[in-house]
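Enquirer: Just passing along the structure, written as structure tokens.
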Amino acid sequence: MTSDQNIWASLPVPAFIIDADDRITDVNSAGEGFLNASRNAVIGHPVWDQIAVDAPLEEAFLRARQQGTPLFVNDVDVGSGNRAPLQCALQIAPLLGHPGSMIMTMSPRELAGRMTRGNTVKSAAQSAIGMAEMLAHEIKNPLAGITGAAQLLSMNISQQDTELTDLIVAESRRIVKLLEQVEQFGNLTQPDFKPVNIHDVLDRARRSALLGFGAHMTIIEDYDPSLPLAYGDPDQLLQVVLNLLKNASEASPKGGTIRLRTYFEHSFRLRRSDGSGHSLPLQIEIIDDGPGLPDKIRSDIFDPFVSGRENGTGLGLALVSKIISDHDGWILAESVPGHTVFRLSVRRAPRDGT
Ligand SMILES: Nc1ncnc2c1ncn2[C@@H]1O[C@H](COP(=O)(O)OP(=O)(O)OP(=O)(O)O)[C@@H](O)[C@H]1O
Ligand SMILES: [Mg+2]
């Protein structure tokens, strides 16, 4: 008969035993790996000091403990000490024979898993984009003809009928705009990496926003002046920030405040399941006080063609996420009404400046 100890040690997912006072009384080796700490270092410590769960779990946890029922929580961000939060599913159940004690296992949706899935999607997307680009190019010419013809017609018709020609012109322009966005997607090349001053990028984006789509907004700077240089493609990073500023401005048509915040977080790492990884210490936040992400699309905002706006094409954030992933960076969106944060985490330039 297999011993409990062997089963415990062999469990391929992080597992923890938590006592009635919410302290860790045991952790298996996958759990040690998850926490990046030894068993001895965590036993006896309050579990929620070691594991930060980005969800209001307390009540459900208490209920599970009192009623002796299991609790399943999907898609929560779970952080531990010095690593970037991972999206996980949590399984929590009362430990038989130990009143008040609970066993908790978690299955991280590894970054690497998401990335590789992203990659297959990427190549499928690549051919779809190639196709769309070709179409975009082909459609733009006849569309220009249609617009021109409608404008000519409008010169010789009654006032009432010009409403119709105006409609043709306006709708054609909208299609052209969409096509241009599709083309922009296809035009993306690999980033041309160089040391970049993030504050220059933010300033350029801020100035151009205030002159155009963001004229009705107040944009405040909250910079860490000691922030080192980032490693990336300045033009592509500018495109990212512009898209985020545009979204924030569009979310608050009557005006609002956008805060551009930068800070250094040396412990932020992107870790892959093969153990490799790199540090993403530069944090850039674009924070707005608008209504927040619409609930219906909140989990899909980075997918192409997902939009919560009437005239949105839904390509902005898809482009943002493609650029950040090409930069080996990370993007996170957090949103409640009145407080929406898009956080970019990027690499630091190599110190010798090469
Ligand atoms: N700061 C924000 N506040 C509220 N909602 C947002 C914010 N940023 C994005 N969204 C929501 O996410 C959706 C997707 O954004 P995305 O930039 O991908 O597309 P879009 O803005 O609709 O169209 P496009 O950028 O292609 O013109 C938006 O339509 C909007 O509903
Ligand atoms: Mg947008």
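Identifiers in the structure tokens: chain A, B, ... in order shown; residue index from 1 per chain; ligand index from 1 in order shown.
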Using only C-alpha atoms, which protein or nucleic acid residues come within 12 Å of Gly44 (chain A)? Drop anything in the same chain fewer than 5 positions from it, and give the result as an NGL selection string.
Expert: :A and (16-27 or 39 or 49-50)
Enquirer: Would you mind exporting the chosen residues as an mmCIF file, in the first residue's frame, restricted to N, CA, C and O atoms?
Expert:
```cif
data_model
loop_
_atom_site.group_PDB
_atom_site.id
_atom_site.type_symbol
_atom_site.label_atom_id
_atom_site.label_comp_id
_atom_site.auth_asym_id
_atom_site.auth_seq_id
_atom_site.Cartn_x
_atom_site.Cartn_y
_atom_site.Cartn_z
ATOM 1 N N PHE A 16 -1.188 22.399 -0.027
ATOM 2 C CA PHE A 16 -0.914 22.948 1.299
ATOM 3 C C PHE A 16 -1.943 22.436 2.283
ATOM 4 O O PHE A 16 -3.108 22.281 1.931
ATOM 5 N N ILE A 17 -1.511 22.175 3.517
ATOM 6 C CA ILE A 17 -2.470 21.918 4.592
ATOM 7 C C ILE A 17 -2.512 23.170 5.464
ATOM 8 O O ILE A 17 -1.463 23.708 5.828
ATOM 9 N N ILE A 18 -3.728 23.600 5.751
ATOM 10 C CA ILE A 18 -3.903 24.839 6.504
ATOM 11 C C ILE A 18 -4.685 24.510 7.772
ATOM 12 O O ILE A 18 -5.722 23.843 7.689
ATOM 13 N N ASP A 19 -4.199 24.951 8.925
ATOM 14 C CA ASP A 19 -4.903 24.600 10.165
ATOM 15 C C ASP A 19 -6.024 25.592 10.462
ATOM 16 O O ASP A 19 -6.276 26.523 9.682
ATOM 17 N N ALA A 20 -6.688 25.402 11.593
ATOM 18 C CA ALA A 20 -7.869 26.203 11.916
ATOM 19 C C ALA A 20 -7.530 27.677 12.086
ATOM 20 O O ALA A 20 -8.398 28.541 11.980
ATOM 21 N N ASP A 21 -6.234 27.986 12.336
ATOM 22 C CA ASP A 21 -5.835 29.392 12.470
ATOM 23 C C ASP A 21 -5.243 29.937 11.182
ATOM 24 O O ASP A 21 -4.526 30.950 11.200
ATOM 25 N N ASP A 22 -5.498 29.249 10.064
ATOM 26 C CA ASP A 22 -4.994 29.697 8.762
ATOM 27 C C ASP A 22 -3.465 29.680 8.682
ATOM 28 O O ASP A 22 -2.870 30.474 7.972
ATOM 29 N N ARG A 23 -2.856 28.761 9.447
ATOM 30 C CA ARG A 23 -1.401 28.635 9.319
ATOM 31 C C ARG A 23 -1.083 27.394 8.492
ATOM 32 O O ARG A 23 -1.824 26.417 8.524
ATOM 33 N N ILE A 24 0.047 27.459 7.777
ATOM 34 C CA ILE A 24 0.453 26.315 6.962
ATOM 35 C C ILE A 24 1.030 25.250 7.880
ATOM 36 O O ILE A 24 1.949 25.533 8.654
ATOM 37 N N THR A 25 0.470 24.040 7.837
ATOM 38 C CA THR A 25 1.062 22.981 8.653
ATOM 39 C C THR A 25 1.813 21.968 7.806
ATOM 40 O O THR A 25 2.593 21.187 8.324
ATOM 41 N N ASP A 26 1.560 21.993 6.487
ATOM 42 C CA ASP A 26 2.367 21.126 5.610
ATOM 43 C C ASP A 26 2.302 21.659 4.188
ATOM 44 O O ASP A 26 1.334 22.325 3.815
ATOM 45 N N VAL A 27 3.356 21.359 3.446
ATOM 46 C CA VAL A 27 3.394 21.773 2.046
ATOM 47 C C VAL A 27 4.145 20.682 1.299
ATOM 48 O O VAL A 27 5.088 20.100 1.830
ATOM 49 N N ARG A 39 10.127 23.975 2.954
ATOM 50 C CA ARG A 39 9.056 23.584 3.851
ATOM 51 C C ARG A 39 9.253 24.229 5.226
ATOM 52 O O ARG A 39 8.333 24.833 5.783
ATOM 53 N N ASP A 49 -0.135 35.180 4.246
ATOM 54 C CA ASP A 49 1.077 35.989 4.140
ATOM 55 C C ASP A 49 1.973 35.436 3.035
ATOM 56 O O ASP A 49 2.743 36.155 2.418
ATOM 57 N N GLN A 50 1.886 34.139 2.836
ATOM 58 C CA GLN A 50 2.761 33.495 1.854
ATOM 59 C C GLN A 50 2.144 33.512 0.460
ATOM 60 O O GLN A 50 2.838 33.545 -0.540
#
```
Enquirer: Counting only C-alpha atoms and all ligand atoms, what are the residues of chain A within 8 Å of ligand 2, and for each of them which pair of atoms is the nearest and at what distance in Å, to one decimal? Sort the table by chain and rising number, as JSON lines.
Expert:
```
{"residue": "A:Asn243", "atom": "CA", "partner": "ligand 2", "partner_atom_place_in_ligand_line": "1 (Mg)", "distance": 5.7}
{"residue": "A:Leu244", "atom": "CA", "partner": "ligand 2", "partner_atom_place_in_ligand_line": "1 (Mg)", "distance": 7.0}
{"residue": "A:Lys246", "atom": "CA", "partner": "ligand 2", "partner_atom_place_in_ligand_line": "1 (Mg)", "distance": 6.1}
{"residue": "A:Asn247", "atom": "CA", "partner": "ligand 2", "partner_atom_place_in_ligand_line": "1 (Mg)", "distance": 4.7}
{"residue": "A:Glu250", "atom": "CA", "partner": "ligand 2", "partner_atom_place_in_ligand_line": "1 (Mg)", "distance": 8.0}
{"residue": "A:Ser307", "atom": "CA", "partner": "ligand 2", "partner_atom_place_in_ligand_line": "1 (Mg)", "distance": 7.9}
{"residue": "A:Gly312", "atom": "CA", "partner": "ligand 2", "partner_atom_place_in_ligand_line": "1 (Mg)", "distance": 6.7}
{"residue": "A:Thr313", "atom": "CA", "partner": "ligand 2", "partner_atom_place_in_ligand_line": "1 (Mg)", "distance": 7.6}
{"residue": "A:Gly314", "atom": "CA", "partner": "ligand 2", "partner_atom_place_in_ligand_line": "1 (Mg)", "distance": 6.2}
{"residue": "A:Leu315", "atom": "CA", "partner": "ligand 2", "partner_atom_place_in_ligand_line": "1 (Mg)", "distance": 6.6}
{"residue": "A:Gly316", "atom": "CA", "partner": "ligand 2", "partner_atom_place_in_ligand_line": "1 (Mg)", "distance": 4.1}
{"residue": "A:Leu317", "atom": "CA", "partner": "ligand 2", "partner_atom_place_in_ligand_line": "1 (Mg)", "distance": 6.2}
```
Enquirer: Can you pull out every residue with an atom within 8 Å of ligand 1? Use only C-alpha atoms and all ligand atoms and format it as a compact mmCIF listing (two decimals) with N, CA and C atoms, in the first residue's frame.
Expert:
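part.txt, freshly written:
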```
# COMPACT_ATOMS: atom_id res chain seq x y z
N LEU A 178 -10.94 51.14 -40.45
CA LEU A 178 -10.80 49.75 -40.00
C LEU A 178 -9.70 49.04 -40.79
N GLN A 181 -6.30 49.96 -39.76
CA GLN A 181 -5.89 49.33 -38.51
C GLN A 181 -5.43 47.89 -38.76
N ASN A 243 -2.26 53.83 -27.57
CA ASN A 243 -3.49 53.02 -27.59
C ASN A 243 -4.16 52.99 -26.23
N LEU A 244 -3.34 52.87 -25.16
CA LEU A 244 -3.92 52.81 -23.82
C LEU A 244 -4.51 54.17 -23.43
N LEU A 245 -3.82 55.25 -23.82
CA LEU A 245 -4.35 56.59 -23.53
C LEU A 245 -5.64 56.83 -24.31
N LYS A 246 -5.67 56.32 -25.53
CA LYS A 246 -6.85 56.51 -26.36
C LYS A 246 -8.05 55.80 -25.74
N ASN A 247 -7.82 54.57 -25.32
CA ASN A 247 -8.91 53.82 -24.68
C ASN A 247 -9.41 54.54 -23.43
N ALA A 248 -8.46 55.00 -22.61
CA ALA A 248 -8.86 55.68 -21.37
C ALA A 248 -9.64 56.95 -21.70
N SER A 249 -9.22 57.67 -22.75
CA SER A 249 -9.91 58.90 -23.12
C SER A 249 -11.30 58.59 -23.66
N GLU A 250 -11.39 57.52 -24.43
CA GLU A 250 -12.69 57.16 -25.01
C GLU A 250 -13.66 56.65 -23.94
N ALA A 251 -13.08 56.10 -22.86
CA ALA A 251 -13.95 55.59 -21.80
C ALA A 251 -14.61 56.73 -21.02
N SER A 252 -14.02 57.90 -21.05
CA SER A 252 -14.55 59.06 -20.31
C SER A 252 -14.80 60.22 -21.26
N ILE A 287 -3.48 54.76 -15.57
CA ILE A 287 -4.59 54.62 -14.64
C ILE A 287 -5.65 55.66 -14.97
N ASP A 288 -6.89 55.22 -15.13
CA ASP A 288 -7.92 56.23 -15.38
C ASP A 288 -9.06 56.08 -14.38
N GLY A 290 -12.29 56.40 -15.18
CA GLY A 290 -13.51 56.21 -15.96
C GLY A 290 -14.36 55.07 -15.43
N PRO A 291 -15.35 54.64 -16.23
CA PRO A 291 -16.33 53.66 -15.76
C PRO A 291 -15.78 52.24 -15.60
N GLY A 292 -14.59 51.97 -16.15
CA GLY A 292 -14.03 50.63 -16.02
C GLY A 292 -14.39 49.74 -17.19
N LEU A 293 -13.76 48.57 -17.25
CA LEU A 293 -14.00 47.63 -18.35
C LEU A 293 -15.41 47.08 -18.27
N PRO A 294 -16.09 47.00 -19.40
CA PRO A 294 -17.43 46.39 -19.38
C PRO A 294 -17.31 44.92 -18.95
N ILE A 297 -16.95 41.85 -21.57
CA ILE A 297 -15.77 41.57 -22.38
C ILE A 297 -14.49 41.56 -21.57
N ARG A 298 -14.62 41.73 -20.26
CA ARG A 298 -13.45 41.96 -19.43
C ARG A 298 -12.38 40.88 -19.57
N ILE A 301 -10.53 41.25 -23.47
CA ILE A 301 -10.20 42.54 -24.08
C ILE A 301 -8.95 42.50 -24.95
N PHE A 302 -8.05 41.53 -24.70
CA PHE A 302 -6.83 41.51 -25.50
C PHE A 302 -7.00 40.74 -26.81
N ASP A 303 -8.15 40.13 -27.01
CA ASP A 303 -8.39 39.42 -28.27
C ASP A 303 -8.80 40.41 -29.36
N PRO A 304 -8.40 40.09 -30.62
CA PRO A 304 -8.78 41.01 -31.69
C PRO A 304 -10.30 41.05 -31.90
N PHE A 305 -10.77 42.17 -32.33
CA PHE A 305 -12.18 42.39 -32.67
C PHE A 305 -13.12 42.32 -31.46
N VAL A 306 -12.59 42.39 -30.27
CA VAL A 306 -13.44 42.48 -29.08
C VAL A 306 -13.49 43.95 -28.68
N SER A 307 -14.69 44.52 -28.75
CA SER A 307 -14.83 45.94 -28.43
C SER A 307 -16.08 46.17 -27.63
N GLY A 308 -16.01 47.12 -26.70
CA GLY A 308 -17.19 47.47 -25.93
C GLY A 308 -17.76 48.80 -26.42
N ARG A 309 -17.18 49.32 -27.51
CA ARG A 309 -17.63 50.62 -27.98
C ARG A 309 -18.36 50.46 -29.31
N GLU A 310 -19.29 51.35 -29.54
CA GLU A 310 -20.11 51.22 -30.74
C GLU A 310 -19.28 51.23 -32.02
N ASN A 311 -18.30 52.14 -32.06
CA ASN A 311 -17.50 52.24 -33.29
C ASN A 311 -16.12 51.65 -33.14
N GLY A 312 -15.91 50.85 -32.12
CA GLY A 312 -14.58 50.29 -31.89
C GLY A 312 -14.31 49.13 -32.83
N THR A 313 -13.04 48.99 -33.25
CA THR A 313 -12.71 47.83 -34.06
C THR A 313 -12.18 46.70 -33.17
N GLY A 314 -11.78 47.04 -31.96
CA GLY A 314 -11.30 46.00 -31.05
C GLY A 314 -9.90 45.53 -31.39
N LEU A 315 -9.15 46.36 -32.11
CA LEU A 315 -7.79 45.94 -32.46
C LEU A 315 -6.74 46.59 -31.58
N GLY A 316 -7.13 47.66 -30.88
CA GLY A 316 -6.15 48.41 -30.10
C GLY A 316 -5.40 47.54 -29.10
N LEU A 317 -6.14 46.85 -28.24
CA LEU A 317 -5.47 46.07 -27.19
C LEU A 317 -4.82 44.81 -27.74
N ALA A 318 -5.36 44.30 -28.85
CA ALA A 318 -4.72 43.13 -29.48
C ALA A 318 -3.32 43.54 -29.95
N LEU A 319 -3.25 44.74 -30.51
CA LEU A 319 -1.96 45.26 -30.97
C LEU A 319 -1.02 45.47 -29.77
N SER A 335 -9.53 46.44 -13.17
CA SER A 335 -10.51 47.50 -13.36
C SER A 335 -11.70 47.35 -12.43
N THR A 340 -9.25 52.14 -13.32
CA THR A 340 -8.80 51.12 -14.26
C THR A 340 -7.31 51.29 -14.46
N VAL A 341 -6.59 50.18 -14.30
CA VAL A 341 -5.14 50.22 -14.40
C VAL A 341 -4.68 49.26 -15.50
N PHE A 342 -3.90 49.75 -16.43
CA PHE A 342 -3.18 48.87 -17.34
C PHE A 342 -1.71 48.96 -16.95
```
Enquirer: Please provide the set of residues having any atom within 10 Å of Leu95 (chain A), restricted to only C-alpha atoms, with same-chain residues fewer than 2 positions apart removed, written as a tab-separated table (two decimals) with all heavy atoms, in the first residue's frame.
Expert:
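Listed below is the output, result-v5.tsv:
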```tsv
chain	number	residue	atom	x	y	z
A	17	ILE	N	-1.51	22.18	3.52
A	17	ILE	CA	-2.47	21.92	4.59
A	17	ILE	C	-2.51	23.17	5.46
A	17	ILE	O	-1.46	23.71	5.83
A	17	ILE	CB	-2.04	20.72	5.47
A	17	ILE	CG1	-1.74	19.49	4.62
A	17	ILE	CG2	-3.10	20.42	6.52
A	17	ILE	CD1	-2.93	18.75	4.11
A	18	ILE	N	-3.73	23.60	5.75
A	18	ILE	CA	-3.90	24.84	6.50
A	18	ILE	C	-4.69	24.51	7.77
A	18	ILE	O	-5.72	23.84	7.69
A	18	ILE	CB	-4.71	25.85	5.66
A	18	ILE	CG1	-4.00	26.07	4.32
A	18	ILE	CG2	-4.90	27.16	6.40
A	18	ILE	CD1	-4.90	26.70	3.27
A	19	ASP	N	-4.20	24.95	8.92
A	19	ASP	CA	-4.90	24.60	10.17
A	19	ASP	C	-6.02	25.59	10.46
A	19	ASP	O	-6.28	26.52	9.68
A	19	ASP	CB	-3.92	24.46	11.34
A	19	ASP	CG	-3.36	25.82	11.78
A	19	ASP	OD1	-3.85	26.86	11.30
A	19	ASP	OD2	-2.42	25.82	12.60
A	65	ARG	N	-15.07	25.80	5.46
A	65	ARG	CA	-14.52	25.24	6.69
A	65	ARG	C	-15.64	24.86	7.66
A	65	ARG	O	-15.65	23.77	8.21
A	65	ARG	CB	-13.59	26.25	7.35
A	65	ARG	CG	-12.98	25.75	8.64
A	65	ARG	CD	-12.05	26.78	9.22
A	65	ARG	NE	-10.69	26.63	8.73
A	65	ARG	CZ	-9.84	27.64	8.57
A	65	ARG	NH1	-10.23	28.86	8.82
A	65	ARG	NH2	-8.61	27.41	8.16
A	68	GLY	N	-17.87	22.09	6.03
A	68	GLY	CA	-17.16	20.90	5.59
A	68	GLY	C	-17.38	20.60	4.12
A	68	GLY	O	-17.42	19.44	3.70
A	70	PRO	N	-16.31	21.33	-0.06
A	70	PRO	CA	-15.18	21.81	-0.86
A	70	PRO	C	-15.47	23.13	-1.56
A	70	PRO	O	-16.63	23.50	-1.71
A	70	PRO	CB	-14.96	20.70	-1.90
A	70	PRO	CG	-16.25	19.98	-1.98
A	70	PRO	CD	-16.98	20.18	-0.67
A	92	ILE	N	-10.06	23.74	-2.69
A	92	ILE	CA	-9.91	23.75	-1.24
A	92	ILE	C	-10.92	22.78	-0.65
A	92	ILE	O	-12.09	22.78	-1.07
A	92	ILE	CB	-10.15	25.17	-0.69
A	92	ILE	CG1	-9.14	26.14	-1.32
A	92	ILE	CG2	-10.05	25.19	0.82
A	92	ILE	CD1	-9.44	27.59	-1.07
A	93	ALA	N	-10.48	21.93	0.28
A	93	ALA	CA	-11.43	20.99	0.88
A	93	ALA	C	-11.04	20.75	2.34
A	93	ALA	O	-9.87	20.84	2.69
A	93	ALA	CB	-11.42	19.68	0.10
A	97	GLY	N	-10.72	14.07	9.30
A	97	GLY	CA	-10.08	13.65	10.54
A	97	GLY	C	-9.33	14.76	11.25
A	97	GLY	O	-8.74	14.54	12.29
A	98	HIS	N	-9.29	15.95	10.68
A	98	HIS	CA	-8.62	17.08	11.32
A	98	HIS	C	-9.55	18.29	11.30
A	98	HIS	O	-9.45	19.13	10.42
A	98	HIS	CB	-7.32	17.43	10.58
A	98	HIS	CG	-6.31	16.33	10.62
A	98	HIS	ND1	-5.29	16.27	11.54
A	98	HIS	CD2	-6.19	15.23	9.85
A	98	HIS	CE1	-4.57	15.19	11.34
A	98	HIS	NE2	-5.10	14.53	10.31
A	99	PRO	N	-10.45	18.38	12.26
A	99	PRO	CA	-11.46	19.43	12.23
A	99	PRO	C	-10.82	20.82	12.12
A	99	PRO	O	-9.85	21.11	12.82
A	99	PRO	CB	-12.19	19.29	13.58
A	99	PRO	CG	-11.89	17.91	14.03
A	99	PRO	CD	-10.58	17.52	13.44
A	100	GLY	N	-11.33	21.63	11.23
A	100	GLY	CA	-10.82	22.99	11.05
A	100	GLY	C	-9.71	23.07	10.03
A	100	GLY	O	-9.46	24.12	9.46
A	101	SER	N	-9.01	21.95	9.80
A	101	SER	CA	-7.91	21.97	8.83
A	101	SER	C	-8.44	21.81	7.41
A	101	SER	O	-9.44	21.13	7.19
A	101	SER	CB	-6.92	20.85	9.10
A	101	SER	OG	-6.12	21.19	10.20
A	102	MET	N	-7.75	22.46	6.49
A	102	MET	CA	-8.17	22.39	5.09
A	102	MET	C	-6.97	21.99	4.24
A	102	MET	O	-5.82	22.30	4.58
A	102	MET	CB	-8.64	23.77	4.60
A	102	MET	CG	-9.63	24.48	5.49
A	102	MET	SD	-11.27	23.76	5.38
A	102	MET	CE	-11.89	24.55	3.92
A	103	ILE	N	-7.27	21.32	3.13
A	103	ILE	CA	-6.21	21.08	2.15
A	103	ILE	C	-6.48	21.96	0.94
A	103	ILE	O	-7.63	22.10	0.53
A	103	ILE	CB	-6.12	19.58	1.77
A	103	ILE	CG1	-5.05	19.38	0.71
A	103	ILE	CG2	-7.44	19.03	1.29
A	103	ILE	CD1	-4.68	17.91	0.52
A	104	MET	N	-5.44	22.57	0.46
A	104	MET	CA	-5.62	23.46	-0.71
A	104	MET	C	-4.63	23.05	-1.79
A	104	MET	O	-3.43	22.94	-1.55
A	104	MET	CB	-5.36	24.92	-0.32
A	104	MET	CG	-5.35	25.84	-1.52
A	104	MET	SD	-5.42	27.59	-1.06
A	104	MET	CE	-3.72	27.87	-0.59
```
Enquirer: Name the residues of region 99-318 of chain A that fall into helix (DSSP H, G or I) according to DSSP on the backbone, using the chain letters and numbers of this document, as number ranges by chain.
Expert: A: 111-154, 159-187, 198-211, 234-251, 295-297, 316-318
Enquirer: Using Å and a single decimal, report how far CA of Leu164 (chain A) sits from CA of Thr147 (chain A).
Expert: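 Atom-to-atom, CA of Thr147 (chain A) and CA of Leu164 (chain A) are spaced 11.9 Å apart.
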Enquirer: If you run DSSP on this backbone, which residues of region 202-348 of chain A come out as strand (DSSP E or B), and could you give them as a PyMOL selection string?
Expert: chain A and resi 217-222+230-232+256-264+269-271+277-279+282-288+330-336+339-346+348
Enquirer: Restricting the calculation to only C-alpha atoms, which member of A:Asn40, A:Thr105, A:Asn156, A:Gln91 is positioned closest to Trp8 (chain A)?
Expert: A:Thr105
Enquirer: For CA of Phe193 (chain A) and CA of Ser267 (chain A), quote the distance in Å rounded to one decimal.
Expert: 22.5 Å
Enquirer: To one decimal place, how far is CA of Ala30 (chain A) from CA of Ile51 (chain A) in Å?
Expert: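 Interatomic distance, CA of Ala30 (chain A) to CA of Ile51 (chain A): 14.1 Å.
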Enquirer: Can you list, as number ranges by chain, every protein, DNA or RNA residue that comes within 10 Å of Thr189 (chain A) when you count only C-alpha atoms, leaving out same-chain residues fewer than 5 positions away?
Expert: A: 236, 323, 326
